[in-house]
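Pasting upload.txt here (compact mmCIF, N, CA and C atoms):
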# COMPACT_ATOMS: atom_id res chain seq x y z
N MET Y 1 0.80 23.59 7.87
CA MET Y 1 1.60 24.19 8.91
C MET Y 1 2.22 23.09 9.78
N ARG Y 2 3.44 23.28 10.11
CA ARG Y 2 4.15 22.32 10.95
C ARG Y 2 3.79 22.54 12.42
N GLY Y 3 3.90 21.45 13.19
CA GLY Y 3 3.73 21.56 14.64
C GLY Y 3 2.30 21.65 15.12
N GLN Y 4 1.34 21.12 14.36
CA GLN Y 4 -0.06 21.19 14.77
C GLN Y 4 -0.60 19.85 15.28
N ALA Y 5 0.24 18.85 15.46
CA ALA Y 5 -0.10 17.51 15.98
C ALA Y 5 -0.94 16.69 15.00
N LYS Y 6 -0.84 17.00 13.70
CA LYS Y 6 -1.60 16.23 12.70
C LYS Y 6 -1.15 14.78 12.68
N SER Y 7 0.15 14.54 12.70
CA SER Y 7 0.67 13.17 12.67
C SER Y 7 0.27 12.41 13.92
N ARG Y 8 0.31 13.04 15.04
CA ARG Y 8 -0.07 12.39 16.29
C ARG Y 8 -1.55 11.97 16.26
N ILE Y 9 -2.39 12.82 15.71
CA ILE Y 9 -3.81 12.50 15.59
C ILE Y 9 -4.01 11.32 14.64
N LEU Y 10 -3.31 11.33 13.49
CA LEU Y 10 -3.42 10.22 12.54
C LEU Y 10 -2.98 8.90 13.15
N ARG Y 11 -1.88 8.92 13.88
CA ARG Y 11 -1.38 7.69 14.51
C ARG Y 11 -2.36 7.18 15.56
N ALA Y 12 -3.05 8.10 16.24
CA ALA Y 12 -4.02 7.71 17.27
C ALA Y 12 -5.26 7.04 16.66
N LEU Y 13 -5.52 7.27 15.37
CA LEU Y 13 -6.68 6.65 14.73
C LEU Y 13 -6.60 5.13 14.70
N THR Y 14 -5.40 4.58 14.83
CA THR Y 14 -5.27 3.11 14.82
C THR Y 14 -6.02 2.47 15.99
N ALA Y 15 -6.27 3.23 17.04
CA ALA Y 15 -7.01 2.69 18.19
C ALA Y 15 -8.45 2.36 17.81
N LEU Y 16 -8.95 2.91 16.70
CA LEU Y 16 -10.31 2.65 16.27
C LEU Y 16 -10.43 1.42 15.38
N LEU Y 17 -9.30 0.84 14.98
CA LEU Y 17 -9.31 -0.33 14.10
C LEU Y 17 -9.56 -1.61 14.90
N ASP Y 18 -9.98 -2.68 14.21
CA ASP Y 18 -10.14 -3.98 14.85
C ASP Y 18 -8.81 -4.41 15.49
N PRO Y 19 -8.87 -5.15 16.60
CA PRO Y 19 -7.63 -5.54 17.28
C PRO Y 19 -6.69 -6.37 16.42
N GLU Y 20 -7.22 -7.21 15.55
CA GLU Y 20 -6.39 -8.02 14.66
C GLU Y 20 -7.11 -8.21 13.33
N MET Y 21 -6.32 -8.34 12.27
CA MET Y 21 -6.86 -8.58 10.95
C MET Y 21 -6.10 -9.74 10.32
N PRO Y 22 -6.80 -10.76 9.80
CA PRO Y 22 -6.09 -11.91 9.23
C PRO Y 22 -5.50 -11.60 7.87
N TYR Y 23 -4.37 -12.26 7.57
CA TYR Y 23 -3.79 -12.20 6.23
C TYR Y 23 -3.04 -13.50 5.99
N ILE Y 24 -2.78 -13.79 4.72
CA ILE Y 24 -2.08 -15.01 4.37
C ILE Y 24 -0.61 -14.84 4.75
N ALA Y 25 -0.14 -15.73 5.62
CA ALA Y 25 1.23 -15.63 6.13
C ALA Y 25 2.24 -15.67 4.99
N GLY Y 26 3.23 -14.79 5.08
CA GLY Y 26 4.29 -14.75 4.09
C GLY Y 26 4.01 -13.87 2.89
N CYS Y 27 2.83 -13.29 2.82
CA CYS Y 27 2.47 -12.44 1.68
C CYS Y 27 2.99 -11.02 1.91
N GLU Y 28 3.70 -10.47 0.92
CA GLU Y 28 4.28 -9.13 1.09
C GLU Y 28 3.23 -8.03 1.11
N ILE Y 29 2.03 -8.29 0.57
CA ILE Y 29 0.98 -7.26 0.62
C ILE Y 29 -0.08 -7.60 1.67
N HIS Y 30 0.19 -8.61 2.49
CA HIS Y 30 -0.75 -9.04 3.54
C HIS Y 30 -2.13 -9.30 2.95
N ASP Y 31 -2.18 -10.21 2.00
CA ASP Y 31 -3.41 -10.47 1.24
C ASP Y 31 -4.51 -11.08 2.11
N ASN Y 32 -5.73 -10.71 1.76
CA ASN Y 32 -6.94 -11.16 2.44
C ASN Y 32 -7.16 -12.66 2.18
N PRO Y 33 -7.27 -13.48 3.21
CA PRO Y 33 -7.47 -14.91 2.98
C PRO Y 33 -8.84 -15.25 2.39
N TYR Y 34 -9.79 -14.34 2.47
CA TYR Y 34 -11.13 -14.59 1.95
C TYR Y 34 -11.28 -14.17 0.49
N ALA Y 35 -10.47 -13.24 0.04
CA ALA Y 35 -10.52 -12.75 -1.34
C ALA Y 35 -9.14 -12.28 -1.78
N PRO Y 36 -8.19 -13.20 -1.97
CA PRO Y 36 -6.83 -12.79 -2.31
C PRO Y 36 -6.73 -12.22 -3.73
N ILE Y 37 -5.86 -11.23 -3.91
CA ILE Y 37 -5.63 -10.66 -5.24
C ILE Y 37 -4.27 -11.07 -5.79
N CYS Y 38 -3.37 -11.48 -4.93
CA CYS Y 38 -2.02 -11.88 -5.32
C CYS Y 38 -2.06 -13.30 -5.89
N ARG Y 39 -1.38 -13.51 -7.02
CA ARG Y 39 -1.39 -14.83 -7.67
C ARG Y 39 -0.83 -15.91 -6.75
N ARG Y 40 0.26 -15.61 -6.07
CA ARG Y 40 0.85 -16.58 -5.16
C ARG Y 40 -0.15 -17.00 -4.09
N CYS Y 41 -0.88 -16.06 -3.53
CA CYS Y 41 -1.85 -16.36 -2.47
C CYS Y 41 -3.04 -17.15 -3.01
N ARG Y 42 -3.50 -16.80 -4.20
CA ARG Y 42 -4.61 -17.56 -4.80
C ARG Y 42 -4.20 -19.01 -5.02
N GLU Y 43 -2.98 -19.22 -5.53
CA GLU Y 43 -2.49 -20.58 -5.76
C GLU Y 43 -2.31 -21.33 -4.44
N LEU Y 44 -1.78 -20.66 -3.43
CA LEU Y 44 -1.59 -21.28 -2.12
C LEU Y 44 -2.94 -21.68 -1.51
N LEU Y 45 -3.92 -20.80 -1.62
CA LEU Y 45 -5.24 -21.06 -1.08
C LEU Y 45 -5.92 -22.22 -1.83
N ALA Y 46 -5.74 -22.27 -3.15
CA ALA Y 46 -6.32 -23.36 -3.94
C ALA Y 46 -5.67 -24.70 -3.56
N LYS Y 47 -4.37 -24.68 -3.30
CA LYS Y 47 -3.64 -25.90 -2.98
C LYS Y 47 -3.90 -26.37 -1.55
N ASP Y 48 -3.81 -25.45 -0.58
CA ASP Y 48 -3.88 -25.83 0.84
C ASP Y 48 -5.27 -25.68 1.46
N GLY Y 49 -6.14 -24.89 0.85
CA GLY Y 49 -7.49 -24.70 1.39
C GLY Y 49 -7.47 -24.17 2.81
N ASP Y 50 -8.20 -24.85 3.71
CA ASP Y 50 -8.29 -24.41 5.10
C ASP Y 50 -6.98 -24.54 5.87
N ALA Y 51 -6.02 -25.27 5.32
CA ALA Y 51 -4.72 -25.42 5.99
C ALA Y 51 -3.74 -24.30 5.64
N THR Y 52 -4.20 -23.34 4.83
CA THR Y 52 -3.35 -22.20 4.46
C THR Y 52 -2.93 -21.45 5.73
N PRO Y 53 -1.65 -21.18 5.90
CA PRO Y 53 -1.20 -20.48 7.11
C PRO Y 53 -1.70 -19.03 7.14
N ILE Y 54 -2.22 -18.63 8.28
CA ILE Y 54 -2.78 -17.30 8.48
C ILE Y 54 -1.96 -16.59 9.55
N ALA Y 55 -1.71 -15.31 9.35
CA ALA Y 55 -1.05 -14.47 10.35
C ALA Y 55 -2.01 -13.32 10.68
N TRP Y 56 -1.68 -12.57 11.68
CA TRP Y 56 -2.58 -11.50 12.14
C TRP Y 56 -1.85 -10.16 12.18
N LEU Y 57 -2.52 -9.14 11.67
CA LEU Y 57 -1.96 -7.79 11.63
C LEU Y 57 -2.60 -6.96 12.74
N THR Y 58 -1.78 -6.34 13.56
CA THR Y 58 -2.29 -5.51 14.66
C THR Y 58 -2.52 -4.09 14.18
N PRO Y 59 -3.31 -3.30 14.92
CA PRO Y 59 -3.57 -1.92 14.50
C PRO Y 59 -2.31 -1.08 14.31
N GLU Y 60 -1.29 -1.30 15.13
CA GLU Y 60 -0.07 -0.52 15.02
C GLU Y 60 0.64 -0.76 13.69
N HIS Y 61 0.48 -1.95 13.13
CA HIS Y 61 1.10 -2.28 11.85
C HIS Y 61 0.24 -1.86 10.67
N ARG Y 62 -0.91 -1.25 10.94
CA ARG Y 62 -1.82 -0.85 9.87
C ARG Y 62 -1.77 0.66 9.61
N TYR Y 63 -0.78 1.31 10.15
CA TYR Y 63 -0.57 2.74 9.88
C TYR Y 63 0.63 2.86 8.96
N VAL Y 64 0.44 3.52 7.82
CA VAL Y 64 1.50 3.70 6.83
C VAL Y 64 1.71 5.20 6.66
N GLU Y 65 2.94 5.62 6.80
CA GLU Y 65 3.24 7.05 6.69
C GLU Y 65 4.41 7.24 5.73
N LYS Y 66 4.30 8.25 4.90
CA LYS Y 66 5.38 8.61 3.98
C LYS Y 66 5.71 10.07 4.22
N LEU Y 67 6.95 10.34 4.51
CA LEU Y 67 7.39 11.71 4.68
C LEU Y 67 7.67 12.29 3.30
N ALA Y 68 6.96 13.33 2.94
CA ALA Y 68 7.13 13.96 1.63
C ALA Y 68 8.39 14.81 1.66
N THR Y 69 9.35 14.43 0.85
CA THR Y 69 10.58 15.19 0.71
C THR Y 69 10.74 15.51 -0.78
N PRO Y 70 11.57 16.46 -1.12
CA PRO Y 70 11.72 16.83 -2.53
C PRO Y 70 12.17 15.69 -3.44
N ASP Y 71 12.81 14.64 -2.89
CA ASP Y 71 13.29 13.54 -3.73
C ASP Y 71 12.26 12.43 -3.94
N VAL Y 72 11.07 12.53 -3.36
CA VAL Y 72 10.02 11.52 -3.55
C VAL Y 72 9.53 11.59 -5.00
N THR Y 73 9.39 10.43 -5.62
CA THR Y 73 8.91 10.38 -7.01
C THR Y 73 7.45 9.95 -7.05
N ILE Y 74 6.83 10.14 -8.19
CA ILE Y 74 5.44 9.72 -8.37
C ILE Y 74 5.33 8.21 -8.24
N ALA Y 75 6.36 7.47 -8.66
CA ALA Y 75 6.35 6.00 -8.54
C ALA Y 75 6.35 5.58 -7.07
N ASP Y 76 7.00 6.35 -6.19
CA ASP Y 76 6.99 6.03 -4.77
C ASP Y 76 5.57 6.09 -4.20
N LEU Y 77 4.76 6.99 -4.74
CA LEU Y 77 3.42 7.20 -4.22
C LEU Y 77 2.36 6.37 -4.92
N ILE Y 78 2.42 6.28 -6.24
CA ILE Y 78 1.35 5.58 -6.96
C ILE Y 78 1.78 4.28 -7.61
N GLY Y 79 3.07 3.96 -7.55
CA GLY Y 79 3.55 2.69 -8.09
C GLY Y 79 4.00 2.82 -9.53
N ASP Y 80 4.64 1.76 -10.00
CA ASP Y 80 5.17 1.74 -11.35
C ASP Y 80 5.40 0.29 -11.74
N ILE Y 81 5.41 0.02 -13.02
CA ILE Y 81 5.73 -1.32 -13.50
C ILE Y 81 7.24 -1.41 -13.63
N ASP Y 82 7.80 -2.47 -13.10
CA ASP Y 82 9.25 -2.66 -13.13
C ASP Y 82 9.58 -3.74 -14.15
N PRO Y 83 9.91 -3.35 -15.39
CA PRO Y 83 10.17 -4.35 -16.43
C PRO Y 83 11.43 -5.16 -16.19
N SER Y 84 12.30 -4.72 -15.29
CA SER Y 84 13.54 -5.46 -15.04
C SER Y 84 13.31 -6.71 -14.20
N ARG Y 85 12.16 -6.82 -13.57
CA ARG Y 85 11.92 -7.97 -12.69
C ARG Y 85 11.75 -9.27 -13.47
N ARG Y 86 11.06 -9.21 -14.61
CA ARG Y 86 10.90 -10.40 -15.43
C ARG Y 86 10.14 -10.04 -16.69
N PRO Y 87 10.48 -10.64 -17.84
CA PRO Y 87 9.71 -10.36 -19.04
C PRO Y 87 8.29 -10.90 -18.91
N GLY Y 88 7.38 -10.35 -19.67
CA GLY Y 88 5.99 -10.79 -19.62
C GLY Y 88 5.25 -10.22 -18.44
N TRP Y 89 5.57 -9.00 -18.02
CA TRP Y 89 5.02 -8.39 -16.81
C TRP Y 89 3.51 -8.28 -16.83
N ALA Y 90 2.90 -8.20 -17.99
CA ALA Y 90 1.46 -7.99 -18.05
C ALA Y 90 0.67 -9.19 -17.55
N ARG Y 91 1.32 -10.34 -17.43
CA ARG Y 91 0.59 -11.55 -17.04
C ARG Y 91 0.39 -11.71 -15.54
N THR Y 92 1.05 -10.93 -14.74
CA THR Y 92 0.92 -11.14 -13.30
C THR Y 92 1.13 -9.85 -12.52
N ILE Y 93 0.45 -9.74 -11.42
CA ILE Y 93 0.57 -8.57 -10.55
C ILE Y 93 1.94 -8.50 -9.89
N GLN Y 94 2.69 -9.61 -9.85
CA GLN Y 94 3.97 -9.64 -9.15
C GLN Y 94 5.06 -8.85 -9.85
N ARG Y 95 4.83 -8.32 -11.02
CA ARG Y 95 5.83 -7.51 -11.72
C ARG Y 95 5.66 -6.02 -11.41
N ILE Y 96 4.74 -5.70 -10.56
CA ILE Y 96 4.42 -4.30 -10.30
C ILE Y 96 5.08 -3.84 -9.01
N HIS Y 97 5.71 -2.65 -9.07
CA HIS Y 97 6.25 -2.02 -7.87
C HIS Y 97 5.04 -1.51 -7.08
N ARG Y 98 4.81 -2.06 -5.91
CA ARG Y 98 3.61 -1.71 -5.15
C ARG Y 98 3.84 -0.44 -4.34
N PRO Y 99 2.99 0.53 -4.54
CA PRO Y 99 3.12 1.76 -3.76
C PRO Y 99 2.57 1.57 -2.35
N LEU Y 100 2.92 2.48 -1.48
CA LEU Y 100 2.46 2.40 -0.09
C LEU Y 100 0.95 2.48 0.03
N TRP Y 101 0.31 3.35 -0.75
CA TRP Y 101 -1.13 3.52 -0.59
C TRP Y 101 -1.89 2.28 -1.00
N ALA Y 102 -1.37 1.48 -1.93
CA ALA Y 102 -2.09 0.27 -2.37
C ALA Y 102 -2.17 -0.73 -1.23
N ALA Y 103 -1.08 -0.91 -0.52
CA ALA Y 103 -1.10 -1.80 0.63
C ALA Y 103 -2.04 -1.27 1.70
N ALA Y 104 -2.04 0.03 1.89
CA ALA Y 104 -2.91 0.63 2.88
C ALA Y 104 -4.38 0.43 2.52
N ALA Y 105 -4.72 0.63 1.26
CA ALA Y 105 -6.11 0.50 0.83
C ALA Y 105 -6.61 -0.93 1.01
N ARG Y 106 -5.79 -1.92 0.71
CA ARG Y 106 -6.20 -3.32 0.80
C ARG Y 106 -6.51 -3.73 2.25
N GLN Y 107 -5.81 -3.18 3.18
CA GLN Y 107 -5.89 -3.69 4.54
C GLN Y 107 -6.62 -2.79 5.52
N SER Y 108 -7.47 -1.94 5.04
CA SER Y 108 -8.14 -0.99 5.93
C SER Y 108 -7.11 -0.27 6.78
N ARG Y 109 -6.03 0.07 6.14
CA ARG Y 109 -4.95 0.79 6.83
C ARG Y 109 -5.18 2.28 6.74
N ILE Y 110 -4.46 2.99 7.56
CA ILE Y 110 -4.45 4.44 7.51
C ILE Y 110 -3.16 4.84 6.82
N PHE Y 111 -3.28 5.61 5.75
CA PHE Y 111 -2.13 6.04 4.97
C PHE Y 111 -2.03 7.56 5.04
N ALA Y 112 -0.87 8.06 5.41
CA ALA Y 112 -0.68 9.51 5.53
C ALA Y 112 0.57 9.93 4.78
N ILE Y 113 0.46 11.05 4.07
CA ILE Y 113 1.62 11.68 3.46
C ILE Y 113 1.91 12.92 4.29
N ASN Y 114 3.01 12.87 5.00
CA ASN Y 114 3.38 13.95 5.90
C ASN Y 114 4.11 15.06 5.14
N GLU Y 115 3.80 16.30 5.44
CA GLU Y 115 4.44 17.48 4.85
C GLU Y 115 4.26 17.52 3.33
N LEU Y 116 3.03 17.37 2.88
CA LEU Y 116 2.70 17.37 1.46
C LEU Y 116 3.24 18.58 0.70
N PRO Y 117 3.26 19.78 1.27
CA PRO Y 117 3.80 20.93 0.52
C PRO Y 117 5.28 20.80 0.14
N ASP Y 118 6.01 19.88 0.79
CA ASP Y 118 7.42 19.69 0.46
C ASP Y 118 7.63 18.90 -0.82
N LEU Y 119 6.57 18.27 -1.34
CA LEU Y 119 6.68 17.54 -2.60
C LEU Y 119 6.88 18.51 -3.75
N ALA Y 120 7.55 18.05 -4.79
CA ALA Y 120 7.70 18.88 -5.99
C ALA Y 120 6.31 19.14 -6.57
N GLY Y 121 6.14 20.28 -7.20
CA GLY Y 121 4.84 20.67 -7.76
C GLY Y 121 4.25 19.65 -8.71
N LYS Y 122 5.06 19.10 -9.60
CA LYS Y 122 4.58 18.11 -10.56
C LYS Y 122 4.07 16.86 -9.85
N ILE Y 123 4.73 16.48 -8.77
CA ILE Y 123 4.32 15.31 -8.00
C ILE Y 123 2.99 15.59 -7.30
N GLN Y 124 2.83 16.77 -6.75
CA GLN Y 124 1.57 17.15 -6.11
C GLN Y 124 0.42 17.09 -7.10
N VAL Y 125 0.63 17.64 -8.29
CA VAL Y 125 -0.42 17.63 -9.33
C VAL Y 125 -0.77 16.20 -9.71
N GLY Y 126 0.25 15.35 -9.91
CA GLY Y 126 0.00 13.94 -10.24
C GLY Y 126 -0.79 13.23 -9.16
N LEU Y 127 -0.43 13.47 -7.90
CA LEU Y 127 -1.12 12.84 -6.79
C LEU Y 127 -2.57 13.31 -6.71
N PHE Y 128 -2.79 14.60 -6.86
CA PHE Y 128 -4.15 15.12 -6.80
C PHE Y 128 -4.99 14.63 -7.98
N ASN Y 129 -4.36 14.44 -9.15
CA ASN Y 129 -5.09 13.87 -10.28
C ASN Y 129 -5.51 12.44 -10.00
N ILE Y 130 -4.65 11.68 -9.36
CA ILE Y 130 -4.98 10.30 -8.99
C ILE Y 130 -6.15 10.30 -8.00
N ILE Y 131 -6.08 11.15 -7.02
CA ILE Y 131 -7.14 11.24 -6.02
C ILE Y 131 -8.46 11.63 -6.67
N ALA Y 132 -8.39 12.53 -7.65
CA ALA Y 132 -9.59 12.99 -8.35
C ALA Y 132 -10.07 11.98 -9.39
N GLY Y 133 -9.27 10.93 -9.63
CA GLY Y 133 -9.68 9.89 -10.58
C GLY Y 133 -9.31 10.18 -12.01
N ARG Y 134 -8.38 11.11 -12.22
CA ARG Y 134 -7.95 11.45 -13.58
C ARG Y 134 -6.60 10.84 -13.84
N ARG Y 135 -6.30 10.63 -15.10
CA ARG Y 135 -4.99 10.10 -15.48
C ARG Y 135 -3.95 11.20 -15.48
N ARG Y 136 -2.71 10.80 -15.23
CA ARG Y 136 -1.59 11.75 -15.22
C ARG Y 136 -1.27 12.13 -16.66
N ALA Y 137 -1.12 13.40 -16.91
CA ALA Y 137 -0.74 13.87 -18.23
C ALA Y 137 0.74 14.22 -18.22
N ASP Y 138 1.52 13.59 -19.10
CA ASP Y 138 2.95 13.87 -19.16
C ASP Y 138 3.27 14.88 -20.25
So, in terms of structure tokens, how does the structure I just supplied come out?
Amino acid sequence: MRGQAKSRILRALTALLDPEMPYIAGCEIHDNPYAPICRRCRELLAKDGDATPIAWLTPEHRYVEKLATPDVTIADLIGDIDPSRRPGWARTIQRIHRPLWAAAARQSRIFAINELPDLAGKIQVGLFNIIAGRRRAD
């Protein structure tokens, strides 16, 4: 139901997060400096060690929201491999279109999909299958 202050409550949850969270400066997924998953960040950390530049993420930047509209695709929500970026995509995580929820999960972020009933039925089923841990059946 619309107009119940659900979004306002979700946005207020950021007040419960740590005041700042470190990440490797310049990383598009705000990778963890203690356990990076991005190849670029792992290489940077191996090369620079303790001199690796660190930036800080505030609670306000740790809230991710996606407005569910009929034109949202499953790739927008769960990600997709983009073969046009470079051949040999299987060798590195950098060939993957990163969905919003993946960034949210990595950074103890809050991720919300607003107006879920507005998504197409097939997209809702795919999303719920992902949440339930099942593969999408095409």
Legend entry - Point-to-point distance from atom CA of Leu77 of chain Y to atom CA of Glu28 of chain Y, Å rounded to tenths: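 If I compute the distance from atom CA of Leu77 of chain Y to atom CA of Glu28 of chain Y, I get 17.2 Å.
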Legend entry - For atom C of Leu13 of chain Y and atom CA of Cys38 of chain Y, the interatomic separation in Å (one decimal):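 Spanning atom C of Leu13 of chain Y to atom CA of Cys38 of chain Y is a straight-line distance of 26.7 Å.
With only N, CA and C atoms as the atoms that count, the residue of Y:Ile110, Y:Ile130, Y:Val125, Y:Ile54 with the shortest distance to Leu10 of chain Y is Y:Ile110.
Between atom C of Ala5 of chain Y and atom C of Pro117 of chain Y the separation is 16.6 Å.
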Legend entry - Shortest interatomic distance to Ile74 of chain Y - which of Y:Gln124, Y:Thr58, Y:Gln4, Y:Asn32, counting all atoms listed in the file: Y:Gln124
Legend entry - Residue neighbourhood segment 61-68 of chain Y, 6 Å, only N, CA and C atoms, exclusion window fewer than 5 positions, as a ChimeraX atom specification: /Y:109-116,118-119
Inset, instruction - Tell me which of Y:Ala132, Y:Cys27, Y:Leu45, Y:Met21 sits closest to Leu57 of chain Y, counting all atoms listed in the file. - result: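 Nearest to Leu57 of chain Y: Y:Met21.
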Inset, instruction - Tell me which of Y:Glu43, Y:Glu60, Y:Asp71, Y:Asp50 sits closest to Ala15 of chain Y, counting only C-alpha atoms. - result: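 That would be Y:Glu60, the residue with the smallest distance to Ala15 of chain Y.
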